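Below is coords37.pdb, holding PDB, C-alpha atoms and all ligand atoms.
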```
ATOM      1  CA  MET M   1      63.508 -39.213  -4.643
ATOM      2  CA  TRP M   2      66.149 -41.949  -4.488
ATOM      3  CA  TYR M   3      69.701 -41.512  -5.743
ATOM      4  CA  ALA M   4      72.556 -43.937  -6.214
ATOM      5  CA  VAL M   5      75.713 -41.936  -5.441
ATOM      6  CA  ARG M   6      79.323 -42.731  -6.326
ATOM      7  CA  ILE M   7      82.266 -40.672  -5.135
ATOM      8  CA  GLY M   8      85.810 -41.084  -6.444
ATOM      9  CA  PRO M   9      89.117 -39.202  -6.444
ATOM     10  CA  VAL M  10      90.313 -37.339  -9.522
ATOM     11  CA  TRP M  11      94.074 -37.911 -10.055
ATOM     12  CA  ARG M  12      96.516 -35.662 -11.840
ATOM     13  CA  ASP M  13     100.247 -36.447 -11.998
ATOM     14  CA  GLY M  14      99.943 -38.969  -9.203
ATOM     15  CA  GLU M  15      98.095 -36.606  -6.926
ATOM     16  CA  VAL M  16      94.491 -36.309  -5.924
ATOM     17  CA  VAL M  17      93.374 -32.900  -7.129
ATOM     18  CA  SER M  18      89.665 -33.165  -6.541
ATOM     19  CA  ALA M  19      86.785 -35.546  -5.985
ATOM     20  CA  MET M  20      84.018 -36.439  -8.341
ATOM     21  CA  LEU M  21      80.493 -37.267  -7.316
ATOM     22  CA  ILE M  22      78.034 -38.973  -9.645
ATOM     23  CA  ALA M  23      74.401 -39.116  -8.549
ATOM     24  CA  ARG M  24      71.936 -41.159 -10.508
ATOM     25  CA  ASP M  25      68.164 -40.863 -10.041
ATOM     26  CA  VAL M  26      66.955 -44.399  -9.231
ATOM     27  CA  SER M  27      63.498 -43.420  -7.946
ATOM     28  CA  GLU M  28      61.745 -45.348 -10.692
ATOM     29  CA  ARG M  29      63.750 -48.514 -10.027
ATOM     30  CA  LYS M  30      63.075 -48.138  -6.318
ATOM     31  CA  ARG M  31      59.367 -47.646  -6.957
ATOM     32  CA  LEU M  32      59.185 -50.803  -9.089
ATOM     33  CA  GLU M  33      61.080 -52.774  -6.441
ATOM     34  CA  GLU M  34      58.675 -51.579  -3.775
ATOM     35  CA  MET M  35      55.682 -52.456  -5.958
ATOM     36  CA  LYS M  36      57.050 -55.952  -6.460
ATOM     37  CA  ASP M  37      57.715 -56.418  -2.736
ATOM     38  CA  ASN M  38      54.212 -55.254  -1.878
ATOM     39  CA  LEU M  39      52.661 -57.519  -4.486
ATOM     40  CA  ILE M  40      54.551 -60.548  -3.216
ATOM     41  CA  ARG M  41      53.594 -59.752   0.371
ATOM     42  CA  ASP M  42      49.905 -59.229  -0.473
ATOM     43  CA  VAL M  43      49.663 -62.273  -2.705
ATOM     44  CA  SER M  44      51.253 -64.607  -0.167
ATOM     45  CA  HIS M  45      48.926 -63.270   2.478
ATOM     46  CA  GLU M  46      45.834 -63.749   0.285
ATOM     47  CA  LEU M  47      46.746 -67.280  -0.789
ATOM     48  CA  ARG M  48      47.621 -68.564   2.641
ATOM     49  CA  THR M  49      44.121 -68.840   4.157
ATOM     50  CA  PRO M  50      42.394 -70.781   1.374
ATOM     51  CA  LEU M  51      45.476 -72.969   0.894
ATOM     52  CA  ALA M  52      45.523 -73.813   4.584
ATOM     53  CA  LYS M  53      41.834 -74.763   4.396
ATOM     54  CA  VAL M  54      42.407 -77.014   1.393
ATOM     55  CA  GLN M  55      45.323 -78.675   3.155
ATOM     56  CA  MET M  56      43.289 -79.223   6.290
ATOM     57  CA  SER M  57      40.376 -80.712   4.342
ATOM     58  CA  LEU M  58      42.624 -83.072   2.438
ATOM     59  CA  GLU M  59      44.325 -84.208   5.642
ATOM     60  CA  LEU M  60      40.954 -84.936   7.226
ATOM     61  CA  LEU M  61      39.880 -86.877   4.162
ATOM     62  CA  MET M  62      43.084 -88.913   4.267
ATOM     63  CA  GLU M  63      42.459 -89.770   7.906
ATOM     64  CA  LEU M  64      38.932 -90.933   7.118
ATOM     65  CA  VAL M  65      40.139 -92.985   4.175
ATOM     66  CA  GLU M  66      42.908 -94.583   6.228
ATOM     67  CA  ALA M  67      40.516 -95.444   8.995
ATOM     68  CA  ALA M  68      38.150 -96.808   6.289
ATOM     69  CA  GLU M  69      35.522 -94.803   8.023
ATOM     70  CA  ILE M  70      33.650 -93.556   5.003
ATOM     71  CA  ASP M  71      30.878 -91.306   6.224
ATOM     72  CA  ARG M  72      29.275 -89.978   3.035
ATOM     73  CA  GLU M  73      27.848 -86.858   4.596
ATOM     74  CA  ARG M  74      31.070 -85.859   6.325
ATOM     75  CA  THR M  75      33.438 -86.692   3.455
ATOM     76  CA  GLY M  76      31.128 -84.786   1.097
ATOM     77  CA  ARG M  77      31.268 -81.725   3.305
ATOM     78  CA  ILE M  78      35.057 -81.851   3.601
ATOM     79  CA  ALA M  79      35.534 -82.356  -0.151
ATOM     80  CA  GLY M  80      33.131 -79.449  -0.757
ATOM     81  CA  LEU M  81      35.190 -77.160   1.463
ATOM     82  CA  ALA M  82      38.370 -78.091  -0.399
ATOM     83  CA  THR M  83      36.702 -77.588  -3.787
ATOM     84  CA  ASN M  84      35.319 -74.162  -2.848
ATOM     85  CA  ASN M  85      38.656 -72.969  -1.602
ATOM     86  CA  VAL M  86      40.474 -74.213  -4.684
ATOM     87  CA  ALA M  87      37.954 -72.303  -6.813
ATOM     88  CA  ARG M  88      38.562 -69.181  -4.749
ATOM     89  CA  LEU M  89      42.318 -69.579  -5.108
ATOM     90  CA  LEU M  90      42.010 -69.916  -8.868
ATOM     91  CA  GLU M  91      39.822 -66.831  -9.061
ATOM     92  CA  THR M  92      42.317 -64.865  -6.973
ATOM     93  CA  VAL M  93      45.289 -65.990  -9.025
ATOM     94  CA  GLU M  94      43.523 -65.179 -12.298
ATOM     95  CA  GLY M  95      42.530 -61.768 -10.956
ATOM     96  CA  ILE M  96      46.092 -61.020  -9.869
ATOM     97  CA  LEU M  97      47.403 -62.038 -13.277
ATOM     98  CA  ASP M  98      44.894 -59.808 -15.059
ATOM     99  CA  LEU M  99      45.666 -56.921 -12.751
ATOM    100  CA  SER M 100      49.415 -57.163 -13.192
ATOM    101  CA  ARG M 101      49.016 -57.477 -16.975
ATOM    102  CA  LEU M 102      46.935 -54.315 -16.925
ATOM    103  CA  GLU M 103      49.286 -52.442 -14.616
ATOM    104  CA  ALA M 104      52.378 -53.458 -16.572
ATOM    105  CA  GLY M 105      50.671 -52.307 -19.751
ATOM    106  CA  ILE M 106      51.240 -55.623 -21.532
ATOM    107  CA  TRP M 107      47.563 -56.323 -22.022
ATOM    108  CA  SER M 108      46.800 -54.390 -25.131
ATOM    109  CA  TYR M 109      43.576 -52.489 -25.632
ATOM    110  CA  GLN M 110      41.463 -53.230 -28.706
ATOM    111  CA  LEU M 111      40.086 -49.762 -29.205
ATOM    112  CA  GLU M 112      36.997 -49.114 -31.288
ATOM    113  CA  VAL M 113      34.304 -46.477 -31.438
ATOM    114  CA  LEU M 114      31.564 -47.833 -29.205
ATOM    115  CA  ASP M 115      27.892 -47.193 -28.802
ATOM    116  CA  LEU M 116      27.902 -46.868 -25.007
ATOM    117  CA  GLY M 117      24.130 -47.244 -24.738
ATOM    118  CA  GLU M 118      24.340 -50.608 -26.451
ATOM    119  CA  LEU M 119      27.129 -51.759 -24.119
ATOM    120  CA  LEU M 120      25.116 -50.648 -21.083
ATOM    121  CA  TYR M 121      22.077 -52.591 -22.294
ATOM    122  CA  GLU M 122      24.247 -55.642 -22.825
ATOM    123  CA  ALA M 123      25.553 -55.444 -19.262
ATOM    124  CA  TYR M 124      21.998 -54.842 -18.036
ATOM    125  CA  GLY M 125      20.760 -57.968 -19.849
ATOM    126  CA  TYR M 126      23.682 -60.013 -18.589
ATOM    127  CA  MET M 127      23.131 -59.121 -14.917
ATOM    128  CA  HIS M 128      19.332 -58.948 -14.889
ATOM    129  CA  SER M 129      18.626 -62.480 -13.728
ATOM    130  CA  LEU M 130      21.205 -62.285 -10.941
ATOM    131  CA  ALA M 131      19.405 -59.218  -9.548
ATOM    132  CA  GLN M 132      16.045 -60.943  -9.941
ATOM    133  CA  VAL M 133      17.185 -64.000  -8.007
ATOM    134  CA  LYS M 134      18.013 -61.664  -5.099
ATOM    135  CA  GLY M 135      14.684 -59.872  -5.421
ATOM    136  CA  LEU M 136      16.302 -56.585  -6.489
ATOM    137  CA  ASP M 137      15.164 -54.252  -9.257
ATOM    138  CA  LEU M 138      17.854 -53.642 -11.849
ATOM    139  CA  GLU M 139      17.013 -50.328 -13.509
ATOM    140  CA  ALA M 140      18.428 -48.912 -16.733
ATOM    141  CA  ASP M 141      18.374 -45.135 -16.527
ATOM    142  CA  PHE M 142      20.170 -43.501 -19.414
ATOM    143  CA  ALA M 143      19.440 -41.432 -22.490
ATOM    144  CA  GLN M 144      19.025 -43.082 -25.898
ATOM    145  CA  ASP M 145      21.408 -40.667 -27.549
ATOM    146  CA  LEU M 146      24.594 -41.085 -25.548
ATOM    147  CA  PRO M 147      27.607 -39.946 -27.547
ATOM    148  CA  PRO M 148      30.027 -42.575 -28.838
ATOM    149  CA  VAL M 149      33.155 -43.337 -26.813
ATOM    150  CA  GLU M 150      36.404 -44.905 -27.866
ATOM    151  CA  GLY M 151      37.189 -48.004 -25.878
ATOM    152  CA  ASP M 152      37.894 -51.680 -25.538
ATOM    153  CA  ARG M 153      34.490 -53.363 -25.617
ATOM    154  CA  GLU M 154      35.427 -56.448 -23.642
ATOM    155  CA  LYS M 155      37.284 -54.569 -20.912
ATOM    156  CA  LEU M 156      34.598 -51.912 -20.456
ATOM    157  CA  PHE M 157      31.976 -54.653 -20.321
ATOM    158  CA  ARG M 158      34.003 -56.217 -17.547
ATOM    159  CA  VAL M 159      34.031 -52.934 -15.612
ATOM    160  CA  LEU M 160      30.243 -52.660 -15.875
ATOM    161  CA  VAL M 161      29.681 -56.277 -14.861
ATOM    162  CA  ASN M 162      32.070 -55.951 -11.899
ATOM    163  CA  LEU M 163      30.323 -52.828 -10.627
ATOM    164  CA  VAL M 164      26.810 -54.235 -11.041
ATOM    165  CA  ASP M 165      27.915 -57.527  -9.489
ATOM    166  CA  ASN M 166      29.223 -55.674  -6.423
ATOM    167  CA  ALA M 167      26.070 -53.566  -6.195
ATOM    168  CA  ILE M 168      23.944 -56.717  -6.190
ATOM    169  CA  LYS M 169      26.255 -58.497  -3.749
ATOM    170  CA  PHE M 170      26.181 -55.676  -1.197
ATOM    171  CA  THR M 171      22.454 -54.912  -1.448
ATOM    172  CA  SER M 172      19.821 -57.021   0.255
ATOM    173  CA  GLU M 173      16.785 -54.862  -0.481
ATOM    174  CA  GLY M 174      15.789 -52.238  -3.032
ATOM    175  CA  SER M 175      17.376 -51.549  -6.368
ATOM    176  CA  VAL M 176      20.481 -51.204  -8.486
ATOM    177  CA  ARG M 177      20.458 -48.430 -11.073
ATOM    178  CA  LEU M 178      22.689 -48.310 -14.104
ATOM    179  CA  GLY M 179      22.902 -44.787 -15.457
ATOM    180  CA  ALA M 180      24.941 -42.621 -17.816
ATOM    181  CA  ARG M 181      25.019 -38.972 -18.812
ATOM    182  CA  VAL M 182      27.224 -36.364 -20.411
ATOM    183  CA  ARG M 183      28.900 -33.980 -17.984
ATOM    184  CA  ASP M 184      31.634 -31.416 -18.616
ATOM    185  CA  GLY M 185      32.590 -32.891 -21.967
ATOM    186  CA  GLU M 186      32.892 -36.421 -20.635
ATOM    187  CA  VAL M 187      30.581 -39.376 -20.399
ATOM    188  CA  GLU M 188      29.890 -40.390 -16.815
ATOM    189  CA  VAL M 189      28.567 -43.858 -16.032
ATOM    190  CA  ALA M 190      27.057 -44.563 -12.617
ATOM    191  CA  VAL M 191      26.045 -47.730 -10.783
ATOM    192  CA  ALA M 192      23.951 -46.832  -7.748
ATOM    193  CA  ASP M 193      22.542 -49.186  -5.143
ATOM    194  CA  THR M 194      20.436 -49.043  -1.996
ATOM    195  CA  GLY M 195      22.645 -51.468  -0.103
ATOM    196  CA  GLU M 196      24.949 -51.524   2.857
ATOM    197  CA  GLY M 197      27.094 -48.615   1.696
ATOM    198  CA  ILE M 198      30.711 -47.881   2.528
ATOM    199  CA  SER M 199      31.951 -46.162   5.666
ATOM    200  CA  GLY M 200      33.528 -42.752   5.070
ATOM    201  CA  GLU M 201      37.135 -43.671   5.741
ATOM    202  CA  ASN M 202      37.008 -46.553   3.252
ATOM    203  CA  VAL M 203      35.435 -44.809   0.265
ATOM    204  CA  GLY M 204      38.863 -44.139  -1.220
ATOM    205  CA  ARG M 205      40.341 -47.482  -0.215
ATOM    206  CA  VAL M 206      37.941 -49.857  -1.970
ATOM    207  CA  PHE M 207      39.986 -49.644  -5.183
ATOM    208  CA  GLU M 208      43.127 -50.956  -3.495
ATOM    209  CA  ARG M 209      43.885 -54.548  -4.402
ATOM    210  CA  PHE M 210      42.648 -57.062  -1.806
ATOM    211  CA  PHE M 211      40.803 -54.386   0.153
ATOM    212  CA  GLN M 212      37.491 -55.624   1.564
ATOM    213  CA  GLU M 213      35.523 -53.875   4.275
ATOM    214  CA  GLN M 214      34.417 -57.208   5.689
ATOM    215  CA  VAL M 215      37.267 -59.576   6.353
ATOM    216  CA  GLY M 216      36.522 -62.954   4.829
ATOM    217  CA  ALA M 217      33.790 -61.635   2.534
ATOM    218  CA  GLN M 218      33.106 -63.598  -0.624
ATOM    219  CA  GLY M 219      35.400 -62.642  -3.458
ATOM    220  CA  ALA M 220      39.042 -61.714  -3.519
ATOM    221  CA  GLY M 221      38.969 -57.922  -3.345
ATOM    222  CA  ILE M 222      40.499 -57.489  -6.785
ATOM    223  CA  GLY M 223      37.469 -56.542  -8.885
ATOM    224  CA  LEU M 224      37.621 -52.809  -8.206
ATOM    225  CA  ALA M 225      41.399 -52.648  -8.650
ATOM    226  CA  ILE M 226      40.845 -54.176 -12.100
ATOM    227  CA  CYS M 227      38.054 -51.660 -12.804
ATOM    228  CA  ARG M 228      40.336 -48.781 -11.886
ATOM    229  CA  ALA M 229      43.204 -50.062 -14.063
ATOM    230  CA  ILE M 230      40.838 -50.413 -17.050
ATOM    231  CA  VAL M 231      39.139 -47.030 -16.616
ATOM    232  CA  GLU M 232      42.454 -45.226 -16.152
ATOM    233  CA  GLY M 233      43.819 -47.131 -19.152
ATOM    234  CA  HIS M 234      41.040 -45.415 -21.121
ATOM    235  CA  GLY M 235      41.995 -41.995 -19.788
ATOM    236  CA  GLY M 236      39.040 -41.873 -17.411
ATOM    237  CA  ARG M 237      38.568 -41.631 -13.626
ATOM    238  CA  ILE M 238      36.659 -43.857 -11.223
ATOM    239  CA  TRP M 239      35.469 -43.163  -7.688
ATOM    240  CA  ALA M 240      32.948 -44.235  -5.078
ATOM    241  CA  GLU M 241      30.429 -42.223  -3.081
ATOM    242  CA  SER M 242      28.418 -43.297  -0.079
ATOM    243  CA  GLY M 243      26.513 -41.628   2.719
ATOM    244  CA  GLY M 244      27.937 -44.280   5.065
ATOM    245  CA  ARG M 245      26.722 -47.554   6.532
ATOM    246  CA  ASP M 246      23.357 -48.702   5.090
ATOM    247  CA  GLN M 247      23.101 -45.571   2.945
ATOM    248  CA  GLY M 248      23.792 -47.305  -0.367
ATOM    249  CA  ALA M 249      26.749 -46.659  -2.636
ATOM    250  CA  VAL M 250      27.338 -45.058  -6.018
ATOM    251  CA  PHE M 251      30.269 -45.964  -8.231
ATOM    252  CA  ARG M 252      31.002 -43.531 -11.044
ATOM    253  CA  PHE M 253      33.491 -43.548 -13.858
ATOM    254  CA  THR M 254      34.185 -41.199 -16.737
ATOM    255  CA  LEU M 255      35.261 -41.857 -20.300
ATOM    256  CA  PRO M 256      36.530 -39.276 -22.749
ATOM    257  CA  MET M 257      34.172 -38.623 -25.664
ATOM    258  CA  VAL M 258      35.192 -39.281 -29.242
ATOM    259  CA  GLU M 259      36.021 -36.065 -31.071
ATOM    260  CA  GLY M 260      34.022 -35.205 -34.143
ATOM    261  CA  GLU M 261      31.100 -37.134 -35.619
ATOM    262  CA  GLY M 262      28.903 -39.768 -34.065
ATOM    263  CA  LEU M 263      28.674 -43.429 -35.011
TER     264      LEU M 263
HETATM  265  N1  LIG Q   1      28.319 -51.533  -4.123
HETATM  266  C1  LIG Q   1      29.048 -51.655  -3.012
HETATM  267  N2  LIG Q   1      28.497 -51.398  -1.787
HETATM  268  C2  LIG Q   1      29.219 -51.497  -0.646
HETATM  269  N3  LIG Q   1      30.518 -51.871  -0.604
HETATM  270  C3  LIG Q   1      31.119 -52.156  -1.783
HETATM  271  C4  LIG Q   1      30.427 -52.074  -3.031
HETATM  272  N4  LIG Q   1      31.297 -52.401  -4.019
HETATM  273  C5  LIG Q   1      32.464 -52.686  -3.410
HETATM  274  N5  LIG Q   1      32.366 -52.554  -2.060
HETATM  275  C6  LIG Q   1      33.437 -52.749  -1.064
HETATM  276  O1  LIG Q   1      34.691 -52.778  -1.742
HETATM  277  C7  LIG Q   1      35.353 -54.024  -1.520
HETATM  278  C8  LIG Q   1      36.177 -54.400  -2.727
HETATM  279  O2  LIG Q   1      35.372 -54.723  -3.844
HETATM  280  P1  LIG Q   1      35.966 -55.650  -4.996
HETATM  281  O3  LIG Q   1      37.315 -55.121  -5.368
HETATM  282  O4  LIG Q   1      34.972 -55.806  -6.078
HETATM  283  O5  LIG Q   1      36.220 -57.031  -4.261
HETATM  284  P2  LIG Q   1      35.188 -58.185  -3.808
HETATM  285  O6  LIG Q   1      33.900 -57.981  -4.548
HETATM  286  O7  LIG Q   1      35.907 -59.433  -4.238
HETATM  287  O8  LIG Q   1      35.070 -58.057  -2.329
HETATM  288  C9  LIG Q   1      34.232 -54.992  -1.184
HETATM  289  O9  LIG Q   1      34.678 -56.110  -0.462
HETATM  290  C10 LIG Q   1      33.316 -54.082  -0.355
HETATM  291  O10 LIG Q   1      33.811 -53.951   0.959
HETATM  292 MG    MG Q   2      33.716 -57.511  -6.569
END
```

Can you give me the file's structure in the form of structure tokens?
Amino acid sequence: MWYAVRIGPVWRDGEVVSAMLIARDVSERKRLEEMKDNLIRDVSHELRTPLAKVQMSLELLMELVEAAEIDRERTGRIAGLATNNVARLLETVEGILDLSRLEAGIWSYQLEVLDLGELLYEAYGYMHSLAQVKGLDLEADFAQDLPPVEGDREKLFRVLVNLVDNAIKFTSEGSVRLGARVRDGEVEVAVADTGEGISGENVGRVFERFFQEQVGAQGAGIGLAICRAIVEGHGGRIWAESGGRDQGAVFRFTLPMVEGEGL
């Protein structure tokens, strides 16, 4: 708890008769300030590396141009490096914007009663070819009669796509299974893979913004933070399970069921 405290004398007939102390709870303000400081620190850190690479590439290109030494292969490679890093920067910045909109609660949810099975099939169809290209089986493993849930279609679709995308990215052999079931009055969705897994101490950390087990891995480390913000925005929970390195990983999230009738 943080307090802002003010102490002052209490005067009566020109004399100090007592002192007054006013304490105000400023924990919330302090928490917001800390959040902002952390965000600024993390963002600057994340933007620095790709920006430095873009700058370096452009400087090299300038040197080549000035020396009129146009080597197509080399200039192409340098321009490619700059372009890739600019794309990565844009992706990071867009992710950060989305995340802060979600966390600040200014990105409104378009809630509707959803057929979860349909949404899962849509995500399955959307990611199928990506899995195929990597030689992985994408399996759909859920009941036909899943109960309806109330949610924002676009945002929940994004959660599913993010989780399946990660599963494919971190799996070099085997399969990715998209499942759902009803458990303890909630719907639980699971994305399970046979990939590289997550080491025990990091299972809880993967949802932190910018956290990546492998430094310099592709991506910006924001996808799961966005997933968590969306799931929690729906009143659900999200977590990861893994037996450790090379044991595969399972990501699960819950959604509250709609009261009353079905669709
Ligand atoms: N299916 C998975 N298997 C193993 N590790 C994973 C999986 N999904 C996420 N991770 C770990 O969590 C980190 C954060 O994931 P995410 O927020 O989506 O960022 P990104 O995909 O950009 O790295 C990943 O870099 C990886 O270390
Ligand atoms: Mg990701």

Gap from atom CA of Ala143 of chain M to atom CA of Asn162 of chain M - Å, one decimal: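 Between these atoms lies a distance of 22.0 Å.
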
d(atom CA of Trp2 of chain M, atom CA of Leu39 of chain M) in Å: 20.6 Å

Residues matched by the PyMOL selection byres (((chain M and resi 235) around 10) and not hetatm) as number ranges by chain: M: 151, 229-234, 236-237, 254-256

Would you give me, as a Markdown table, each residue of chain M having an atom within 9 Å of an atom of ligand LIG 1 (chain Q), along with its shortest atom pair and that distance in Å to one decimal, using only C-alpha atoms and all ligand atoms and sorting by chain and residue number?
```
| residue | atom | partner | partner_atom | distance |
| --- | --- | --- | --- | --- |
| M:Thr92 | CA | Q:LIG1 | O7 | 8.8 |
| M:Asn162 | CA | Q:LIG1 | O4 | 6.5 |
| M:Leu163 | CA | Q:LIG1 | N4 | 6.7 |
| M:Val164 | CA | Q:LIG1 | N1 | 7.6 |
| M:Asp165 | CA | Q:LIG1 | O6 | 7.8 |
| M:Asn166 | CA | Q:LIG1 | N4 | 4.6 |
| M:Ala167 | CA | Q:LIG1 | N1 | 3.7 |
| M:Ile168 | CA | Q:LIG1 | N1 | 7.1 |
| M:Lys169 | CA | Q:LIG1 | N1 | 7.3 |
| M:Phe170 | CA | Q:LIG1 | N2 | 4.9 |
| M:Thr171 | CA | Q:LIG1 | N2 | 7.0 |
| M:Val176 | CA | Q:LIG1 | N1 | 9.0 |
| M:Val191 | CA | Q:LIG1 | N1 | 8.0 |
| M:Ala192 | CA | Q:LIG1 | N1 | 7.4 |
| M:Asp193 | CA | Q:LIG1 | N1 | 6.3 |
| M:Thr194 | CA | Q:LIG1 | N2 | 8.4 |
| M:Gly195 | CA | Q:LIG1 | N2 | 6.1 |
| M:Glu196 | CA | Q:LIG1 | C2 | 5.5 |
| M:Gly197 | CA | Q:LIG1 | C2 | 4.3 |
| M:Ile198 | CA | Q:LIG1 | C2 | 5.0 |
| M:Ser199 | CA | Q:LIG1 | N3 | 8.6 |
| M:Asn202 | CA | Q:LIG1 | O1 | 8.3 |
| M:Val203 | CA | Q:LIG1 | O1 | 8.3 |
| M:Arg205 | CA | Q:LIG1 | O1 | 7.9 |
| M:Val206 | CA | Q:LIG1 | O1 | 4.4 |
| M:Phe207 | CA | Q:LIG1 | O3 | 6.1 |
| M:Glu208 | CA | Q:LIG1 | O3 | 7.4 |
| M:Arg209 | CA | Q:LIG1 | O3 | 6.7 |
| M:Phe210 | CA | Q:LIG1 | O3 | 6.7 |
| M:Phe211 | CA | Q:LIG1 | C8 | 5.4 |
| M:Gln212 | CA | Q:LIG1 | O9 | 3.5 |
| M:Glu213 | CA | Q:LIG1 | O10 | 3.7 |
| M:Gln214 | CA | Q:LIG1 | O10 | 5.8 |
| M:Val215 | CA | Q:LIG1 | O9 | 8.1 |
| M:Gly216 | CA | Q:LIG1 | O8 | 8.8 |
| M:Ala217 | CA | Q:LIG1 | O8 | 6.2 |
| M:Gln218 | CA | Q:LIG1 | O8 | 6.1 |
| M:Gly219 | CA | Q:LIG1 | O7 | 3.3 |
| M:Ala220 | CA | Q:LIG1 | O7 | 3.9 |
| M:Gly221 | CA | Q:LIG1 | O5 | 3.0 |
| M:Ile222 | CA | Q:LIG1 | O3 | 4.2 |
| M:Gly223 | CA | Q:LIG1 | O3 | 3.8 |
| M:Leu224 | CA | Q:LIG1 | O3 | 3.7 |
| M:Ala225 | CA | Q:LIG1 | O3 | 5.8 |
| M:Ile226 | CA | Q:LIG1 | O3 | 7.7 |
| M:Cys227 | CA | Q:LIG1 | O3 | 8.2 |
| M:Ala240 | CA | Q:LIG1 | N4 | 8.4 |
| M:Ser242 | CA | Q:LIG1 | C2 | 8.3 |
| M:Arg245 | CA | Q:LIG1 | C2 | 8.6 |
| M:Asp246 | CA | Q:LIG1 | C2 | 8.7 |
| M:Gly248 | CA | Q:LIG1 | N2 | 6.4 |
| M:Ala249 | CA | Q:LIG1 | N2 | 5.1 |
| M:Val250 | CA | Q:LIG1 | N1 | 6.8 |
| M:Phe251 | CA | Q:LIG1 | N1 | 7.2 |
```

Expected selection from the PyMOL selection byres (((chain M and resi 107-115) around 10) and not hetatm), given as a PyMOL selection string: chain M and resi 98-106+116-120+145-155+230+233-234+257-258+262-263

Nearest candidate to Ser57 of chain M (options M:Ser175, M:Glu259, M:Ile78, M:Gln247; using only C-alpha atoms):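 Selected residue with least distance to Ser57 of chain M: M:Ile78.
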
Distance in Å - atom CA of Asp37 of chain M versus atom CA of Ala82 of chain M: 29.1 Å

Polymer residues at most 8 Å from Phe142 of chain M, only C-alpha atoms, same-chain spacing of 5 or more positions, as a count of residues only: 5

Best match for closeness to ligand MG 2 (chain Q) among M:Val43, M:Val187, M:Val161, M:Leu64, counting all atoms listed in the file: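 Closest residue, counting all atoms listed in the file: M:Val161.
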
Counting only C-alpha atoms and all ligand atoms, the residue of M:Gly95, M:Gly243, M:Pro50, M:Gly135 that sits nearest ligand MG 2 (chain Q):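 With only C-alpha atoms and all ligand atoms as the atom set, the closest residue is M:Gly95.
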
Counting all atoms listed in the file, the residue of M:Asp25, M:Glu91, M:Glu66, M:Glu34 that sits nearest ligand MG 2 (chain Q):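 Ranking M:Asp25, M:Glu91, M:Glu66, M:Glu34 by distance to ligand MG 2 (chain Q), first place goes to M:Glu91.
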
Which residue of M:Glu63, M:Glu69, M:Lys53, M:Val159 approaches ligand MG 2 (chain Q) most closely, using only C-alpha atoms and all ligand atoms: M:Val159

Axis-aligned box over every listed atom of segment 71-80 of chain M, padded by 6 Å per side: centre and edges in Å to one decimal, as JSON?
```
{"center_x": 31.7, "center_y": -85.4, "center_z": 2.8, "size_x": 19.7, "size_y": 23.9, "size_z": 19.1}
```

Protein, DNA and RNA residues within 9 Å of (76.5, -39.7, -9.6), all atoms listed in the file, as a ChimeraX atom specification: /M:3-7,20-25

Selected residue, from M:Arg177, M:Arg183, M:Leu160, M:Arg252, that lies nearest to ligand MG 2 (chain Q) when counting all atoms listed in the file: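 The shortest atom-to-atom distance to ligand MG 2 (chain Q) comes from M:Leu160.
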
Selection near Ala79 of chain M, 8 Å with all atoms listed in the file, sequence-local residues under 2 positions removed, as a list in words: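 Here the answer would be Ser57, Leu58, Leu61, Thr75, Gly76, Arg77, Leu81, Ala82 and Thr83 of chain M.
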
Explicit residues for the PyMOL selection byres (((chain M and resi 89) around 9) and not hetatm) (as a list in words): Glu46, Leu47, Pro50, Leu51, Asn84, Asn85, Val86, Ala87, Arg88, Leu90, Glu91, Thr92, Val93, Glu94 and Ala220 of chain M

Keeping only C-alpha atoms, write the selected residues to a file as a compact mmCIF listing (two decimals), in the coordinates of the input.
```txt
# COMPACT_ATOMS: atom_id res chain seq x y z
CA GLU M 46 45.83 -63.75 0.28
CA LEU M 47 46.75 -67.28 -0.79
CA PRO M 50 42.39 -70.78 1.37
CA LEU M 51 45.48 -72.97 0.89
CA ASN M 84 35.32 -74.16 -2.85
CA ASN M 85 38.66 -72.97 -1.60
CA VAL M 86 40.47 -74.21 -4.68
CA ALA M 87 37.95 -72.30 -6.81
CA ARG M 88 38.56 -69.18 -4.75
CA LEU M 90 42.01 -69.92 -8.87
CA GLU M 91 39.82 -66.83 -9.06
CA THR M 92 42.32 -64.86 -6.97
CA VAL M 93 45.29 -65.99 -9.02
CA GLU M 94 43.52 -65.18 -12.30
CA ALA M 220 39.04 -61.71 -3.52
```
